[in-house]
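Novice: Below you will find the structure I want to go over with you.
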Amino acid sequence: MANDAPLMEARGVSKYFGHVVALEDISLEVRAGQVTCLLGDNGAGKSTLIKTFSGVHQPTKGTMAVDGEEVRFDSPRDAIDRGIATVFQDLAMIPLMGISRNFFIGREPTRGVGPFKRFDMAKADRVTREELDRIGIQLRDTTQPVATLSGGERQSVAIARAVYFGAKVLILDEPTSALGVKQSAMVLRYVARTREQGIGVIFITHNVHHANLIGDRFTVLNQGRSLGNFEKGEVSIEELERLMAGGKELDKLNEEFRAVGAGNPEGPTNGASN
Amino acid sequence: MTQSAAGSRVRDVGALRRWLIRPEAAAVAGSILVFVFFVITAGDSGFLTSGGTASYLTVAAQLGIVAVPVSLLMISGEFDLSVGSMVGAAGMIMAVTVVEYGLPLIVGIVLAFAVALAVGLFNGYVVVWTGLPSFIVTLGMLFALRGLTIGFARLLTGRTQIGMGAEVSESPLTPLFAGTLGEFSVSIIWWVGLALLGTWVLQRTVFGNWVFGAGGNANAARNVGVPVGRVKITLFVCTSLSAALLATIQVLDAGSADVLRGELLELQAIAAAVIGGVLLTGGYGTVVGALFGALIFGMVQQGIFFTGVNTDWFQVFVGVMLLVAVLFNNFIRKRASEAR
């Protein structure tokens, strides 16, 4: 695949809500067959950034590009039409609805014409079964409610759905944050398989270990600002962790504590944790 | 979760269990229970005759005609408490048009449906635009519409009940809405027909999938492009129109209109839907369930009459049944969302 232009790119994106600077000058790119990890603590601006990528918000400053071509998303629909699919934390799944109905909601296959046009359930069931088989989820009954699936399975179904509907770039919002170790492993394995299909993935997380396992490049956000983009191997887990926790500010705090530490028995312990 | 190895084994024993966790299971089982109960207690006093059957089916049909769209609306996550008032209003519109203004019956019916359409659109748009709970919006409509009906009826005619006479009894429209096939009223066909149509729409069409989506998780549905607002407004219009249909059936059947027609119908329709397995919070349920919910209502109301017990007890029976049905449905739904 041509790796000249990134599949998707943000160039100096800023987003202000009134006086609040939610994002300031963020640049980031994702290439085909790569996973770009977006790291940041709570309130770092990850959610705002995803919402800007997925067309929910429009950037106040800066531009975005898909395949090197500048784009402007006025709605989530625009983003989806350009192949940018976002799997939000709530997964856009309807718990008491059947799996195949969930898989196709909003994009139902139909048969028949005019007033006899109907939801092609047989096709929906068949495709759902095939797509889930492919990711190792064997269903007994595609009409069983999504609520009967485990967290990891649900996350994987949501990803499979986005891929099936032609996503070129997949934005995953904290896909492993609510999951146990085993379930997380399942999702990470599936993300890796998605990457092999040449899809670009933006993986949002605050878990550096997951990021380190799956990421090809990393962008760290703190208080709405980017603390830098790194290639895999350029940066260690410890460094990522330090950046997420505030980087320079922690260093400053460390020095402050060290300065008073001579006279304060609690000082050194604070400093030592860094 | 058991893995796929157990899959084929589970499937074999699963048929009955799968059916048992369907939303309408309680209502179907309840219908059979209620039927058996009245066969035992009132079987020889006329409950089982075709006349007895026709009588409870007619009661069920009149409720069911409204309960079908109400159940769809509830699955989409909204209530319509104004259907009862709409029945009174629609009936009065027909009567005033025909008796006071001497216009043909068809004009009255068309006018009633037009007003119902407007009321449905109003309910729908207010709920969707303001984001207020439909419980409140349509509760307001319940009072306002009943008040308007009584107010205008007195203002225009000085009466609150209007008899319609020959205009109705000789109308070619009467057999269509209030005719009989043997002992059975045509309204039963309307009821079953609407239930079949509703089931087809809910289970087999794209719109039906959106109804589930809108009620199950409106935000998620919106995110994937479902026009949630349009779905809900359409269903508000359907409930309102079904009230006008019921009013037409009642007016042509009785040959008169009364401002108080349809009182409590809104709650009975909700009860029928809930007994039928529709979840009060939306996103879950079937139209078939609401059909059986209405059937239970009809059997209980008429069955008590046949047992010779004072019909005052009807409401006690309904209340207890509602509670039992909801408890049972809760249990079923919990089973449905557990790992299989």
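To be explicit about the labels: the chains of the structure tokens are called A, B, and onward in the order shown, and within each one the residues are counted from 1, while ligands get numbers from 1 in the order they are shown.
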Starting from chain A, keep only residues with some atom at most 8 Å from an atom of chain B, counting only C-alpha atoms, and report them as a ChimeraX atom specification.

Specialist: /A:76-77,90-97,101,105-108,110,117-121,138-140,144-150

Novice: Residues of the last selection are to be written out with N, CA and C atoms, as a tab-separated table (two decimals), in the first residue's frame.

Specialist:
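Printed below is result-v9.tsv as written:
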```tsv
chain	number	residue	atom	x	y	z
A	76	PRO	N	-21.29	13.55	11.94
A	76	PRO	CA	-20.70	12.21	12.00
A	76	PRO	C	-20.90	11.45	10.68
A	77	ARG	N	-22.01	11.73	10.01
A	77	ARG	CA	-22.29	11.08	8.74
A	77	ARG	C	-21.18	11.36	7.72
A	90	ASP	N	-19.66	3.81	24.51
A	90	ASP	CA	-20.96	3.13	24.72
A	90	ASP	C	-21.29	2.20	23.56
A	91	LEU	N	-20.38	2.14	22.56
A	91	LEU	CA	-20.43	1.15	21.49
A	91	LEU	C	-21.57	1.30	20.52
A	92	ALA	N	-22.47	2.24	20.76
A	92	ALA	CA	-23.62	2.37	19.88
A	92	ALA	C	-24.32	1.03	19.70
A	93	MET	N	-24.41	0.30	20.80
A	93	MET	CA	-25.11	-0.99	20.75
A	93	MET	C	-26.37	-0.88	21.60
A	94	ILE	N	-27.35	-1.64	21.22
A	94	ILE	CA	-28.60	-1.60	21.97
A	94	ILE	C	-28.75	-2.93	22.69
A	95	PRO	N	-28.56	-2.91	24.01
A	95	PRO	CA	-28.36	-4.13	24.77
A	95	PRO	C	-29.43	-5.20	24.59
A	96	LEU	N	-30.70	-4.79	24.58
A	96	LEU	CA	-31.76	-5.81	24.54
A	96	LEU	C	-32.13	-6.22	23.11
A	97	MET	N	-31.43	-5.62	22.14
A	97	MET	CA	-31.72	-5.95	20.76
A	97	MET	C	-30.80	-7.08	20.31
A	101	ARG	N	-29.50	-7.59	14.52
A	101	ARG	CA	-30.23	-6.32	14.39
A	101	ARG	C	-29.31	-5.16	14.77
A	105	ILE	N	-28.10	-2.01	12.37
A	105	ILE	CA	-29.01	-0.89	12.60
A	105	ILE	C	-28.49	0.38	11.93
A	106	GLY	N	-29.40	1.05	11.25
A	106	GLY	CA	-29.03	2.26	10.52
A	106	GLY	C	-28.59	1.97	9.10
A	107	ARG	N	-28.22	0.71	8.83
A	107	ARG	CA	-27.75	0.35	7.48
A	107	ARG	C	-28.32	-1.01	7.10
A	108	GLU	N	-29.61	-1.17	7.32
A	108	GLU	CA	-30.24	-2.47	7.14
A	108	GLU	C	-30.29	-2.87	5.66
A	110	THR	N	-32.12	-4.58	2.57
A	110	THR	CA	-33.55	-4.74	2.31
A	110	THR	C	-33.77	-5.66	1.12
A	117	LYS	N	-41.10	-3.53	0.75
A	117	LYS	CA	-39.68	-3.48	1.08
A	117	LYS	C	-39.51	-3.85	2.54
A	118	ARG	N	-38.62	-4.79	2.77
A	118	ARG	CA	-38.49	-5.24	4.15
A	118	ARG	C	-37.02	-5.49	4.51
A	119	PHE	N	-36.80	-5.56	5.80
A	119	PHE	CA	-35.50	-5.82	6.38
A	119	PHE	C	-35.11	-7.26	6.03
A	120	ASP	N	-34.00	-7.42	5.33
A	120	ASP	CA	-33.57	-8.76	4.93
A	120	ASP	C	-32.87	-9.44	6.12
A	121	MET	N	-33.71	-10.02	6.99
A	121	MET	CA	-33.16	-10.62	8.21
A	121	MET	C	-32.23	-11.79	7.90
A	138	GLN	N	-18.19	-17.48	18.06
A	138	GLN	CA	-19.17	-18.36	17.45
A	138	GLN	C	-20.51	-18.20	18.15
A	139	LEU	N	-21.49	-17.86	17.37
A	139	LEU	CA	-22.80	-17.58	17.94
A	139	LEU	C	-23.70	-18.78	17.75
A	140	ARG	N	-24.48	-19.04	18.77
A	140	ARG	CA	-25.48	-20.08	18.63
A	140	ARG	C	-26.69	-19.48	17.94
A	144	GLN	N	-29.88	-13.48	19.65
A	144	GLN	CA	-29.76	-13.29	21.10
A	144	GLN	C	-29.35	-11.84	21.39
A	145	PRO	N	-29.85	-11.29	22.50
A	145	PRO	CA	-29.56	-9.88	22.80
A	145	PRO	C	-28.06	-9.65	22.98
A	146	VAL	N	-27.62	-8.48	22.58
A	146	VAL	CA	-26.22	-8.10	22.74
A	146	VAL	C	-25.80	-8.19	24.21
A	147	ALA	N	-26.77	-7.96	25.09
A	147	ALA	CA	-26.47	-8.01	26.52
A	147	ALA	C	-25.92	-9.36	26.96
A	148	THR	N	-26.14	-10.41	26.15
A	148	THR	CA	-25.64	-11.73	26.55
A	148	THR	C	-24.17	-11.91	26.22
A	149	LEU	N	-23.58	-10.96	25.48
A	149	LEU	CA	-22.16	-11.08	25.13
A	149	LEU	C	-21.29	-10.51	26.24
A	150	SER	N	-20.06	-10.96	26.30
A	150	SER	CA	-19.12	-10.40	27.27
A	150	SER	C	-18.63	-9.05	26.77
```

Novice: Calculate how many Å separate atom CA of Ile106 of chain B from atom CA of Thr180 of chain B, rounding to one decimal.

Specialist: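 Interatomic distance here is 20.1 Å.
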
Novice: Need the shell around Ser71 of chain B: protein/DNA/RNA residues with any atom at most 7 Å away, counting only C-alpha atoms. Skip same-chain ones fewer than 6 positions apart. Format as a list in words?

Specialist: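 Returned residues: Ala273, Val278, Val287 and Ala290 of chain B.
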
Novice: Work out how far atom CA of Leu241 of chain B is from atom CA of Gly120 of chain B, in Å to one decimal.

Specialist: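 Pair atom CA of Gly120 of chain B / atom CA of Leu241 of chain B returns 7.5 Å.
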
Novice: Taking only segment 27-143 of chain A into account, list the residues labelled strand (DSSP E) by DSSP (computed from the backbone), as a count of residues only.

Specialist: 27

Novice: What is the atom CA of Gln161 of chain B to atom CA of Gly108 of chain B distance in Å?

Specialist: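 Spanning atom CA of Gln161 of chain B to atom CA of Gly108 of chain B is a straight-line distance of 15.9 Å.
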
Novice: Need the shell around Ala116 of chain B: protein/DNA/RNA residues with any atom at most 8 Å away, counting only C-alpha atoms. Skip same-chain ones fewer than 4 positions apart. Format as an MDAnalysis selection string?

Specialist: chainID B and resid 86 90 112 120 237 240:241 243:244

Novice: Rank nothing, just name the residue among B:Val115, B:Ser171, B:Val34, B:Thr138 nearest to Met321 of chain B, using only C-alpha atoms.

Specialist: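 When distances to Met321 of chain B are compared using only C-alpha atoms, the smallest one comes from B:Val34.
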
Novice: Determine, counting only C-alpha atoms, which protein, DNA and RNA residues have an atom within 8 Å of an atom of Gly228 of chain A; residues of the same chain fewer than 6 positions away are not included. Present the result as a PDB file with C-alpha atoms, in the first residue's frame.

Specialist:
```pdb
ATOM      1  CA  THR A 219       0.743  10.818  20.647  1.00  0.00           C
ATOM      2  CA  VAL A 220       0.524  11.990  24.220  1.00  0.00           C
ATOM      3  CA  LEU A 221      -2.017  14.588  25.253  1.00  0.00           C
TER       4      LEU A 221
END
```

Novice: I'd like to know which residues of segment 65-190 of chain A are alpha helix (DSSP H) (by DSSP, run on the backbone); could you write them as a VMD selection string?

Specialist: chain A and resid 76 to 81 99 to 104 121 to 134 151 to 164 181 to 190

Novice: Give me the residues within 12 Å of Ile249 of chain B as a PyMOL selection string, counting only C-alpha atoms and dropping any in the same chain fewer than 2 places off.

Specialist: chain B and resi 58+61-63+65-66+87+90-91+94+109+168+173-180+185-191+242-247+251-257+261

Novice: Kindly save the residues from that selection, with N, CA and C atoms included, as a tab-separated table (two decimals), in the first residue's frame.

Specialist:
```
chain	number	residue	atom	x	y	z
B	58	THR	N	-64.93	-8.72	21.08
B	58	THR	CA	-65.25	-7.34	20.72
B	58	THR	C	-64.61	-6.36	21.71
B	61	ALA	N	-61.02	-6.37	21.00
B	61	ALA	CA	-60.70	-5.71	19.74
B	61	ALA	C	-60.66	-4.20	19.92
B	62	GLN	N	-61.65	-3.68	20.65
B	62	GLN	CA	-61.72	-2.22	20.80
B	62	GLN	C	-60.49	-1.69	21.54
B	63	LEU	N	-60.05	-2.43	22.56
B	63	LEU	CA	-58.83	-2.03	23.26
B	63	LEU	C	-57.61	-2.29	22.38
B	65	ILE	N	-57.15	-2.39	19.17
B	65	ILE	CA	-56.91	-1.48	18.05
B	65	ILE	C	-55.99	-0.34	18.48
B	66	VAL	N	-56.16	0.13	19.70
B	66	VAL	CA	-55.30	1.20	20.22
B	66	VAL	C	-54.02	0.63	20.82
B	87	VAL	N	-60.18	9.63	21.52
B	87	VAL	CA	-61.39	8.87	21.13
B	87	VAL	C	-62.63	9.74	21.36
B	90	ALA	N	-62.58	12.66	18.78
B	90	ALA	CA	-62.86	12.24	17.40
B	90	ALA	C	-64.35	11.91	17.24
B	91	GLY	N	-64.91	11.23	18.23
B	91	GLY	CA	-66.33	10.89	18.17
B	91	GLY	C	-67.19	12.14	18.11
B	94	MET	N	-67.13	13.92	14.74
B	94	MET	CA	-68.03	13.29	13.76
B	94	MET	C	-69.48	13.69	14.03
B	109	ILE	N	-65.91	11.88	9.45
B	109	ILE	CA	-64.83	10.90	9.71
B	109	ILE	C	-63.49	11.46	9.25
B	168	VAL	N	-76.21	7.61	10.43
B	168	VAL	CA	-75.28	6.53	10.71
B	168	VAL	C	-75.84	5.18	10.30
B	173	LEU	N	-70.93	3.27	5.07
B	173	LEU	CA	-69.67	3.09	5.80
B	173	LEU	C	-69.86	2.23	7.04
B	174	THR	N	-71.09	2.18	7.53
B	174	THR	CA	-71.32	1.50	8.80
B	174	THR	C	-70.88	0.03	8.80
B	175	PRO	N	-71.23	-0.75	7.74
B	175	PRO	CA	-70.78	-2.15	7.77
B	175	PRO	C	-69.27	-2.29	7.84
B	176	LEU	N	-68.57	-1.32	7.26
B	176	LEU	CA	-67.11	-1.38	7.23
B	176	LEU	C	-66.51	-1.26	8.63
B	177	PHE	N	-67.13	-0.40	9.45
B	177	PHE	CA	-66.56	-0.15	10.78
B	177	PHE	C	-67.34	-0.83	11.90
B	178	ALA	N	-68.64	-0.97	11.71
B	178	ALA	CA	-69.45	-1.48	12.81
B	178	ALA	C	-70.32	-2.64	12.38
B	179	GLY	N	-69.98	-3.25	11.26
B	179	GLY	CA	-70.77	-4.38	10.79
B	179	GLY	C	-70.50	-5.63	11.61
B	180	THR	N	-71.23	-6.69	11.26
B	180	THR	CA	-70.99	-7.95	11.95
B	180	THR	C	-70.87	-9.06	10.92
B	185	SER	N	-68.17	-9.04	15.56
B	185	SER	CA	-68.11	-7.67	15.05
B	185	SER	C	-66.89	-7.49	14.16
B	186	VAL	N	-67.04	-6.61	13.20
B	186	VAL	CA	-65.97	-6.34	12.24
B	186	VAL	C	-64.73	-5.78	12.92
B	187	SER	N	-64.94	-5.17	14.09
B	187	SER	CA	-63.78	-4.58	14.79
B	187	SER	C	-62.72	-5.62	15.10
B	188	ILE	N	-63.15	-6.89	15.24
B	188	ILE	CA	-62.17	-7.96	15.51
B	188	ILE	C	-61.20	-8.09	14.33
B	189	ILE	N	-61.74	-7.93	13.12
B	189	ILE	CA	-60.87	-8.00	11.94
B	189	ILE	C	-59.89	-6.82	11.91
B	190	TRP	N	-60.41	-5.64	12.26
B	190	TRP	CA	-59.52	-4.47	12.34
B	190	TRP	C	-58.39	-4.74	13.34
B	191	TRP	N	-58.77	-5.26	14.48
B	191	TRP	CA	-57.80	-5.52	15.55
B	191	TRP	C	-56.73	-6.50	15.09
B	242	SER	N	-55.14	5.69	15.49
B	242	SER	CA	-55.84	4.49	15.95
B	242	SER	C	-56.98	4.88	16.88
B	243	ALA	N	-56.80	5.97	17.65
B	243	ALA	CA	-57.87	6.45	18.51
B	243	ALA	C	-59.04	6.94	17.67
B	244	ALA	N	-58.73	7.60	16.56
B	244	ALA	CA	-59.80	8.06	15.67
B	244	ALA	C	-60.52	6.88	15.03
B	245	LEU	N	-59.76	5.82	14.70
B	245	LEU	CA	-60.38	4.62	14.14
B	245	LEU	C	-61.34	4.00	15.15
B	246	LEU	N	-60.86	3.90	16.39
B	246	LEU	CA	-61.72	3.33	17.44
B	246	LEU	C	-62.96	4.19	17.63
B	247	ALA	N	-62.78	5.52	17.60
B	247	ALA	CA	-63.93	6.42	17.75
B	247	ALA	C	-64.93	6.17	16.63
B	251	VAL	N	-68.68	5.11	17.36
B	251	VAL	CA	-69.77	6.01	16.99
B	251	VAL	C	-70.73	5.31	16.02
B	252	LEU	N	-70.18	4.61	15.04
B	252	LEU	CA	-71.04	3.95	14.06
B	252	LEU	C	-71.76	2.76	14.69
B	253	ASP	N	-71.14	2.16	15.68
B	253	ASP	CA	-71.75	1.03	16.35
B	253	ASP	C	-72.89	1.50	17.26
B	254	ALA	N	-72.62	2.55	18.03
B	254	ALA	CA	-73.61	3.02	19.00
B	254	ALA	C	-74.57	4.03	18.38
B	255	GLY	N	-74.18	4.63	17.26
B	255	GLY	CA	-75.03	5.65	16.65
B	255	GLY	C	-75.07	6.92	17.46
B	256	SER	N	-74.10	7.09	18.34
B	256	SER	CA	-74.07	8.31	19.14
B	256	SER	C	-72.64	8.59	19.58
B	257	ALA	N	-72.41	9.81	20.01
B	257	ALA	CA	-71.08	10.18	20.51
B	257	ALA	C	-71.25	10.79	21.90
B	261	ARG	N	-66.28	9.42	26.10
B	261	ARG	CA	-65.80	8.16	25.51
B	261	ARG	C	-64.28	8.04	25.63
```

Novice: Residues at most 10 Å from Gln315 of chain B, counting only C-alpha atoms, excluding those fewer than 4 positions away in the same chain, as a ChimeraX atom specification?

Specialist: /B:297,300-301,311,319-321

Novice: Selected residues, C-alpha atoms, written as an mmCIF file, in the first residue's frame, please.

Specialist:
```cif
data_model
loop_
_atom_site.group_PDB
_atom_site.id
_atom_site.type_symbol
_atom_site.label_atom_id
_atom_site.label_comp_id
_atom_site.auth_asym_id
_atom_site.auth_seq_id
_atom_site.Cartn_x
_atom_site.Cartn_y
_atom_site.Cartn_z
ATOM 1 C CA PHE B 297 -58.559 -7.696 29.180
ATOM 2 C CA VAL B 300 -61.552 -10.926 32.104
ATOM 3 C CA GLN B 301 -64.044 -8.118 31.624
ATOM 4 C CA THR B 311 -68.391 -6.865 37.483
ATOM 5 C CA GLY B 319 -54.682 -4.708 38.792
ATOM 6 C CA VAL B 320 -53.434 -7.984 40.224
ATOM 7 C CA MET B 321 -52.800 -9.357 36.761
#
```
